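Structure file target_3.csv with CSV, C-alpha atoms:
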chain,number,residue,atom,x,y,z
A,131,MET,CA,-5.8,-4.6,-31.4
A,132,ASP,CA,-7.2,-5.8,-28.1
A,133,SER,CA,-6.4,-9.5,-27.8
A,134,ARG,CA,-9.7,-10.1,-26.1
A,135,LEU,CA,-11.4,-9.0,-29.3
A,136,LEU,CA,-9.5,-11.6,-31.2
A,137,LEU,CA,-10.7,-14.2,-28.7
A,138,TYR,CA,-14.3,-13.0,-29.1
A,139,PHE,CA,-14.1,-13.2,-32.9
A,140,LEU,CA,-12.7,-16.8,-32.6
A,141,THR,CA,-15.5,-17.8,-30.3
A,142,ALA,CA,-18.1,-16.2,-32.5
A,143,LEU,CA,-16.5,-17.9,-35.5
A,144,SER,CA,-16.7,-21.3,-33.8
A,145,GLY,CA,-20.3,-20.6,-33.0
A,146,VAL,CA,-21.0,-19.7,-36.7
A,147,ALA,CA,-19.2,-22.9,-37.8
A,148,MET,CA,-21.3,-25.1,-35.5
A,149,VAL,CA,-24.6,-23.5,-36.3
A,150,VAL,CA,-23.9,-23.5,-40.1
A,151,GLY,CA,-22.5,-27.0,-39.9
A,152,GLY,CA,-25.6,-28.2,-38.0
A,153,MET,CA,-27.9,-26.6,-40.5
A,154,TRP,CA,-26.0,-28.1,-43.3
A,155,LEU,CA,-26.1,-31.6,-41.8
A,156,ILE,CA,-29.8,-31.2,-41.2
A,157,TYR,CA,-30.3,-29.9,-44.7
A,158,LYS,CA,-28.4,-32.8,-46.2
A,159,GLN,CA,-30.3,-35.2,-43.9
A,160,LYS,CA,-27.1,-36.7,-42.8
A,161,ILE,CA,-28.6,-39.4,-40.8
A,162,TYR,CA,-27.3,-42.8,-40.5
A,163,ILE,CA,-29.7,-45.6,-41.7
A,164,ASP,CA,-29.5,-49.1,-40.4
A,165,ARG,CA,-29.1,-51.3,-43.4
A,166,GLU,CA,-31.1,-54.1,-42.0
A,167,SER,CA,-34.1,-52.3,-40.7
A,168,ASN,CA,-33.8,-49.4,-43.2
A,169,GLN,CA,-34.5,-47.0,-40.2
A,170,PRO,CA,-32.4,-44.3,-38.6
A,171,ILE,CA,-30.1,-45.7,-36.0
A,172,GLU,CA,-31.3,-45.4,-32.5
A,173,VAL,CA,-29.0,-45.5,-29.5
A,174,THR,CA,-30.3,-46.1,-26.0
A,175,ILE,CA,-28.1,-45.0,-23.2
A,176,PRO,CA,-28.4,-46.0,-19.5
A,177,GLY,CA,-31.3,-44.1,-18.0
A,178,GLY,CA,-33.7,-44.9,-20.8
A,179,LEU,CA,-32.7,-42.0,-23.1
A,180,THR,CA,-32.9,-42.7,-26.7
A,181,PHE,CA,-31.0,-40.8,-29.4
A,182,LYS,CA,-31.6,-41.0,-33.1
A,183,SER,CA,-28.7,-40.6,-35.5
A,184,ASN,CA,-29.6,-37.2,-36.6
A,185,TYR,CA,-29.4,-35.8,-33.1
A,186,PRO,CA,-25.7,-34.9,-33.3
A,187,ALA,CA,-26.6,-32.4,-36.1
A,188,LEU,CA,-29.3,-30.8,-33.9
A,189,ALA,CA,-26.9,-30.8,-30.9
A,190,LEU,CA,-24.3,-29.1,-33.0
A,191,PHE,CA,-26.8,-26.6,-34.0
A,192,ALA,CA,-27.9,-26.0,-30.4
A,193,LEU,CA,-24.3,-25.9,-29.0
A,194,GLY,CA,-23.3,-23.3,-31.6
A,195,PHE,CA,-25.7,-20.8,-30.3
A,196,PHE,CA,-23.7,-20.2,-27.1
A,197,PRO,CA,-20.4,-19.3,-28.6
A,198,LEU,CA,-22.3,-17.3,-31.2
A,199,ILE,CA,-24.4,-15.2,-28.8
A,200,TYR,CA,-21.9,-14.9,-25.9
A,201,PRO,CA,-19.4,-12.6,-27.7
A,202,ILE,CA,-22.3,-10.4,-29.0
A,203,HIS,CA,-23.5,-10.1,-25.4
A,204,GLU,CA,-20.0,-9.4,-23.9
A,205,LEU,CA,-18.8,-7.0,-26.6
A,206,SER,CA,-21.4,-4.4,-25.5
A,207,GLN,CA,-19.8,-4.5,-22.1
A,208,LEU,CA,-16.2,-4.4,-23.2
A,209,SER,CA,-15.8,-0.7,-22.4
A,210,ASP,CA,-16.4,-1.4,-18.7
A,211,TYR,CA,-13.3,-3.6,-18.7
A,212,PRO,CA,-10.4,-1.6,-20.1
A,213,TYR,CA,-7.5,-3.6,-21.3
A,214,VAL,CA,-4.7,-3.1,-18.8
A,215,ILE,CA,-1.1,-3.9,-19.5
A,216,ARG,CA,1.1,-3.7,-16.5
A,217,VAL,CA,4.3,-1.9,-16.8
A,218,LYS,CA,7.0,-1.3,-14.3
A,219,LEU,CA,8.0,2.2,-13.3
A,220,LYS,CA,11.6,2.1,-12.3
A,221,GLY,CA,14.0,4.7,-10.8
A,222,ALA,CA,16.4,5.5,-8.1
A,223,PRO,CA,15.6,8.7,-6.4
A,224,THR,CA,18.4,10.7,-4.9
A,225,THR,CA,17.4,12.4,-1.6
A,226,ASN,CA,18.6,12.6,2.0
A,227,VAL,CA,15.1,12.0,3.4
A,228,TYR,CA,14.3,8.4,4.0
A,229,PRO,CA,12.1,6.4,4.2
A,230,ALA,CA,10.4,7.8,1.1
A,231,LEU,CA,7.4,6.4,-0.8
A,232,VAL,CA,6.9,6.4,-4.5
A,233,TYR,CA,3.3,6.6,-5.8
A,234,ALA,CA,2.2,6.5,-9.4
A,235,ALA,CA,-1.1,8.1,-10.4
A,236,SER,CA,-2.7,8.2,-13.8
A,237,ALA,CA,-5.5,10.6,-12.9
A,238,ASN,CA,-6.3,13.3,-10.6
A,239,ALA,CA,-9.2,15.7,-9.9
A,240,SER,CA,-9.1,19.1,-8.3
A,241,VAL,CA,-11.4,20.3,-5.6
A,242,ALA,CA,-11.8,24.0,-5.6
A,243,GLN,CA,-13.7,24.7,-2.5
A,244,ASN,CA,-15.3,23.1,0.5
A,245,GLY,CA,-18.2,20.8,-0.3
A,246,ASP,CA,-17.1,20.2,-3.9
A,247,SER,CA,-17.2,16.5,-4.9
A,248,PHE,CA,-14.7,14.8,-7.1
A,249,SER,CA,-14.8,11.9,-9.5
A,250,VAL,CA,-11.7,10.2,-10.8
A,251,LYS,CA,-11.7,7.4,-13.3
A,252,VAL,CA,-9.1,4.7,-12.6
A,253,PRO,CA,-8.3,1.4,-14.3
A,254,PHE,CA,-10.1,-1.6,-13.1
A,255,ILE,CA,-7.3,-3.7,-11.8
A,256,GLY,CA,-7.3,-7.4,-11.4
A,257,LYS,CA,-10.7,-8.8,-10.3
A,258,GLY,CA,-11.6,-5.6,-8.7
A,259,ASP,CA,-10.4,-6.7,-5.3
A,260,GLN,CA,-7.2,-4.8,-5.3
A,261,GLU,CA,-6.7,-1.8,-3.3
A,262,TYR,CA,-6.3,1.8,-4.3
A,263,LYS,CA,-4.5,4.4,-2.2
A,264,VAL,CA,-6.2,7.7,-2.6
A,265,LEU,CA,-4.3,10.8,-1.5
A,266,LEU,CA,-5.7,14.2,-0.7
A,267,ILE,CA,-3.0,16.7,-1.6
A,268,ALA,CA,-2.7,20.5,-1.2
A,269,ASN,CA,0.4,22.3,-2.4
A,270,ASP,CA,2.4,19.0,-2.4
A,271,HIS,CA,1.4,18.3,1.2
A,272,VAL,CA,-0.5,15.1,1.8
A,273,LEU,CA,-3.5,16.1,3.9
A,274,ASP,CA,-5.1,12.6,4.1
A,275,MET,CA,-4.7,9.1,2.6
A,276,GLN,CA,-7.3,6.4,2.3
A,277,THR,CA,-7.1,2.8,1.2
A,278,VAL,CA,-10.2,1.7,-0.7
A,279,SER,CA,-11.3,-1.3,-2.8
A,280,ARG,CA,-14.2,-2.1,-4.9
A,281,SER,CA,-16.9,-3.7,-2.7
A,282,GLY,CA,-19.6,-4.3,-5.3
A,283,ASP,CA,-20.3,-3.6,-8.9
A,284,GLY,CA,-20.7,0.1,-8.2
A,285,ASP,CA,-18.3,3.0,-7.9
A,286,ILE,CA,-16.0,3.5,-4.9
A,287,THR,CA,-16.9,6.1,-2.4
A,288,VAL,CA,-13.8,7.6,-0.7
A,289,ASN,CA,-14.5,9.1,2.8
A,290,PHE,CA,-11.6,11.3,3.6
A,291,ARG,CA,-11.1,12.3,7.1
A,292,SER,CA,-12.1,15.9,7.8
A,293,THR,CA,-9.0,18.1,7.5
A,294,ILE,CA,-9.1,21.3,9.3
A,295,MET,CA,-5.9,23.5,8.9
A,296,ALA,CA,-5.4,26.7,10.8
A,297,PRO,CA,-5.9,29.5,8.3
A,298,PRO,CA,-2.7,31.0,6.9
A,299,GLU,CA,-1.3,34.0,8.6
A,300,TYR,CA,-0.3,35.5,5.3
A,301,GLN,CA,-1.9,36.0,1.9
A,302,THR,CA,-1.6,33.0,-0.3
A,303,THR,CA,-0.7,33.3,-4.0
A,304,THR,CA,-2.5,31.9,-7.0
A,305,THR,CA,0.4,32.7,-9.4
A,306,PRO,CA,0.4,29.9,-11.9
A,307,THR,CA,3.4,27.7,-12.5
A,308,PRO,CA,5.4,29.2,-15.3
A,309,PRO,CA,5.9,27.1,-18.4
A,310,GLY,CA,8.9,24.8,-18.3
A,311,TYR,CA,8.2,23.6,-14.7
A,312,ASN,CA,6.0,20.8,-13.4
B,1320,MET,CA,62.2,17.6,-11.6
B,1321,HIS,CA,60.3,16.0,-8.8
B,1322,GLN,CA,59.5,19.3,-7.2
B,1323,ARG,CA,58.2,20.7,-10.4
B,1324,LEU,CA,55.8,17.8,-10.9
B,1325,VAL,CA,54.4,18.3,-7.4
B,1326,PHE,CA,54.0,22.0,-8.0
B,1327,ALA,CA,52.2,21.4,-11.3
B,1328,LEU,CA,49.8,18.9,-9.6
B,1329,LEU,CA,49.1,21.4,-6.8
B,1330,VAL,CA,48.3,24.1,-9.3
B,1331,LEU,CA,46.1,21.7,-11.3
B,1332,GLY,CA,44.3,20.7,-8.1
B,1333,THR,CA,43.7,24.3,-7.1
B,1334,LEU,CA,42.3,25.2,-10.6
B,1335,LEU,CA,40.0,22.1,-10.6
B,1336,SER,CA,38.7,22.9,-7.1
B,1337,THR,CA,38.1,26.5,-8.0
B,1338,ALA,CA,36.2,25.5,-11.1
B,1339,HIS,CA,34.1,23.1,-9.0
B,1340,ALA,CA,33.4,25.9,-6.5
B,1341,GLN,CA,32.3,28.2,-9.3
B,1342,ALA,CA,30.0,25.5,-10.7
B,1343,THR,CA,27.7,25.7,-7.7
B,1344,GLY,CA,26.8,28.5,-5.3
B,1345,HIS,CA,24.4,29.7,-2.7
B,1346,PHE,CA,21.0,31.1,-3.0
B,1347,ARG,CA,20.1,33.4,-0.2
B,1348,GLY,CA,16.9,35.2,0.6
B,1349,HIS,CA,15.0,37.1,3.2
B,1350,VAL,CA,11.3,36.6,3.7
B,1351,PHE,CA,9.6,39.3,5.7
B,1352,ASP,CA,6.2,40.7,6.6
B,1353,ALA,CA,5.5,43.5,4.2
B,1354,GLY,CA,3.8,45.5,6.9
B,1355,SER,CA,6.1,45.2,9.9
B,1356,GLN,CA,9.2,44.4,7.9
B,1357,ARG,CA,10.0,41.6,10.3
B,1358,GLY,CA,11.3,38.3,9.1
B,1359,ILE,CA,9.0,35.3,9.0
B,1360,GLU,CA,10.4,32.1,10.4
B,1361,ASN,CA,9.6,28.4,9.7
B,1362,LEU,CA,8.5,28.9,6.1
B,1363,GLU,CA,9.4,26.2,3.6
B,1364,VAL,CA,11.6,27.4,0.8
B,1365,LYS,CA,11.7,25.3,-2.4
B,1366,LEU,CA,14.0,25.9,-5.3
B,1367,GLN,CA,12.9,23.9,-8.3
B,1368,PRO,CA,14.9,23.6,-11.5
B,1369,PRO,CA,13.1,23.5,-14.9
B,1370,THR,CA,11.7,20.2,-16.2
B,1371,GLY,CA,14.4,18.1,-17.7
B,1372,SER,CA,17.2,19.8,-15.7
B,1373,GLU,CA,19.6,17.5,-13.9
B,1374,ALA,CA,19.9,20.1,-11.1
B,1375,PRO,CA,18.4,18.9,-7.8
B,1376,VAL,CA,15.4,20.3,-6.1
B,1377,LEU,CA,16.6,22.2,-3.1
B,1378,ILE,CA,14.4,22.6,0.0
B,1379,GLY,CA,15.1,24.7,3.1
B,1380,ALA,CA,13.4,26.8,5.7
B,1381,THR,CA,13.6,30.3,7.0
B,1382,ASP,CA,15.3,30.9,10.3
B,1383,SER,CA,14.1,33.1,13.1
B,1384,ASN,CA,15.0,36.2,11.1
B,1385,GLY,CA,13.3,35.1,8.0
B,1386,ASN,CA,16.5,34.3,6.2
B,1387,PHE,CA,17.3,31.2,4.2
B,1388,ASP,CA,20.5,29.9,2.5
B,1389,LEU,CA,20.4,27.1,0.0
B,1390,GLY,CA,23.7,25.7,-1.0
B,1391,ASP,CA,25.0,23.7,-4.0
B,1392,VAL,CA,22.9,25.6,-6.4
B,1393,LYS,CA,23.9,25.2,-10.0
B,1394,PRO,CA,23.6,28.3,-12.2
B,1395,GLY,CA,20.4,28.6,-14.1
B,1396,ARG,CA,16.7,29.4,-13.9
B,1397,TYR,CA,14.7,28.1,-10.9
B,1398,LEU,CA,11.2,28.3,-9.6
B,1399,LEU,CA,11.2,29.7,-6.1
B,1400,GLN,CA,8.3,28.7,-3.9
B,1401,ILE,CA,7.6,29.8,-0.3
B,1402,SER,CA,5.0,27.8,1.6
B,1403,GLN,CA,3.5,27.7,5.1
B,1404,GLY,CA,2.3,24.2,5.4
B,1405,PRO,CA,-0.1,23.5,2.6
B,1406,TYR,CA,-0.5,27.2,1.8
B,1407,LEU,CA,1.6,28.6,-1.0
B,1408,LEU,CA,2.7,32.2,-0.2
B,1409,TYR,CA,5.0,33.0,-3.0
B,1410,ARG,CA,5.9,31.6,-6.4
B,1411,GLY,CA,8.3,33.3,-8.8
B,1412,GLU,CA,11.1,32.5,-11.2
B,1413,VAL,CA,14.7,33.4,-10.2
B,1414,SER,CA,18.1,33.1,-11.8
B,1415,THR,CA,21.3,32.0,-10.2
B,1416,PRO,CA,24.0,33.0,-9.5
B,1417,GLN,CA,22.2,35.9,-7.8
B,1418,GLU,CA,23.5,39.3,-6.8
B,1419,GLY,CA,22.9,40.0,-3.2
B,1420,VAL,CA,19.9,38.5,-1.3
B,1421,GLN,CA,16.5,37.9,-2.7
B,1422,ASN,CA,14.0,39.9,-0.7
B,1423,ILE,CA,10.5,38.5,-0.6
B,1424,PRO,CA,7.8,40.6,1.1
B,1425,ILE,CA,4.7,38.7,2.2
B,1426,GLN,CA,1.4,40.4,2.9
B,1427,ARG,CA,-0.4,39.6,6.1
B,1428,ARG,CA,-4.0,38.6,5.7
What is this file in structure tokens?
Amino acid sequence: MDSRLLLYFLTALSGVAMVVGGMWLIYKQKIYIDRESNQPIEVTIPGGLTFKSNYPALALFALGFFPLIYPIHELSQLSDYPYVIRVKLKGAPTTNVYPALVYAASANASVAQNGDSFSVKVPFIGKGDQEYKVLLIANDHVLDMQTVSRSGDGDITVNFRSTIMAPPEYQTTTTPTPPGYN
Amino acid sequence: MHQRLVFALLVLGTLLSTAHAQATGHFRGHVFDAGSQRGIENLEVKLQPPTGSEAPVLIGATDSNGNFDLGDVKPGRYLLQISQGPYLLYRGEVSTPQEGVQNIPIQRR
């Protein structure tokens, strides 16, 4: 279970408790009467504001609305903020080509022909100000690499540099990778 | 007694080195233009073991005659891929140890 849901439920529960408690206090007319004047106690604070003794119940009622409504409002937007748990990818590659870079990707999209657009959904990391390295790869060769970050609330547009390769001298193959290899 | 021990160690060492030599071998090939029969140079040759195999990925290139020779190849199945930059020209499954040289004809566009 997403721990944020638990927090939302706790917040909502506190809101319910405050609203119900406020209603109960008002229903029970839990107001404090001054024995001498037989009137509800009035407290005057600096600034000329006067509170009657049943105001705490009303304040409780009013304050309860925020923790009650806030989770309902936020829950509808929860899908926009996937719950991200950071894990470490560890390893020690063996190669005789250094320096080498290790990238980890959780999603990719293929572009079949010139002019085709792509759309890749990636986890929303941090506060949205962290950078993504986006690679354009053909046959394991990196054609271009761009570093992008979220600039507003919208999606990220990646502008790859135009890559023009000399056409191959020989016919290319489209033989699929046999099962058992990746 | 001492000479026998040295002789036994020599025999054991020879046997072990022979066994190691048999554990790996070479994978040789010839990539050529199917039309002119001339070898194609500077192509990338990649010998990839199956997923989960502990054998390394071997990468080489064809020489001026279109020949390549990859060493330290463990016996087994591999995926052989020939590329020219980002263009994949050949992909096929091969087995090692091989008999002779793998001939790979490539069609010109």
Test item: chain A residues at most 6 Å from chain B, counting all atoms listed in the file, as a ChimeraX atom specification: /A:268-269,271,300-303,310-311
Which residues, written as number ranges by chain, have at least one atom at most 12 Å from Gly1390 (chain B), with all atoms listed in the file counted and residues fewer than 3 positions away on the same chain left out? B: 1340, 1342-1348, 1366, 1375-1379, 1387, 1393-1394, 1415-1416
Just how far from CA of Lys1365 (chain B) is CA of Ala239 (chain A), in Å to one decimal? 24.2 Å
To box region 219-222 of chain A, take all atoms listed in the file, fit an axis-aligned box, add 4 Å on each side, and give centre and edge lengths in Å to one decimal, as lines of an AutoDock Vina configuration file.
center_x = 12.2
center_y = 3.8
center_z = -10.7
size_x = 16.4
size_y = 11.4
size_z = 13.2
Pick out the closest residue to Gly194 (chain A) from this set: A:Val146, A:Ile286, A:Leu265, A:Leu179. Count all atoms listed in the file.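 Result for the nearest residue to Gly194 (chain A): A:Val146.
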Could you jot down the CA of Val149 (chain A) to CA of Ser206 (chain A) separation for me, Å, one decimal place?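 Going from CA of Val149 (chain A) over to CA of Ser206 (chain A), I get 22.2 Å.
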Interatomic distance (Å, one decimal) between CA of Asn1361 (chain B) and CA of Asp1382 (chain B):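 Atom-to-atom, CA of Asn1361 (chain B) to CA of Asp1382 (chain B), that is 6.3 Å.
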Would you pick out the contacts of Thr287 (chain A) at 12 Å or less, using all atoms listed in the file, so that residues sharing its chain but fewer than 4 positions from it are not included, and give the list as a ChimeraX atom specification? /A:247-250,262,264,276-282
Residues within 12 Å of Trp154 (chain A), please, as a VMD selection string. Count all atoms listed in the file; anything in the same chain fewer than 6 positions from it doesn't count. chain A and resid 146 to 148 160 to 161 184 187 to 188 190 to 191
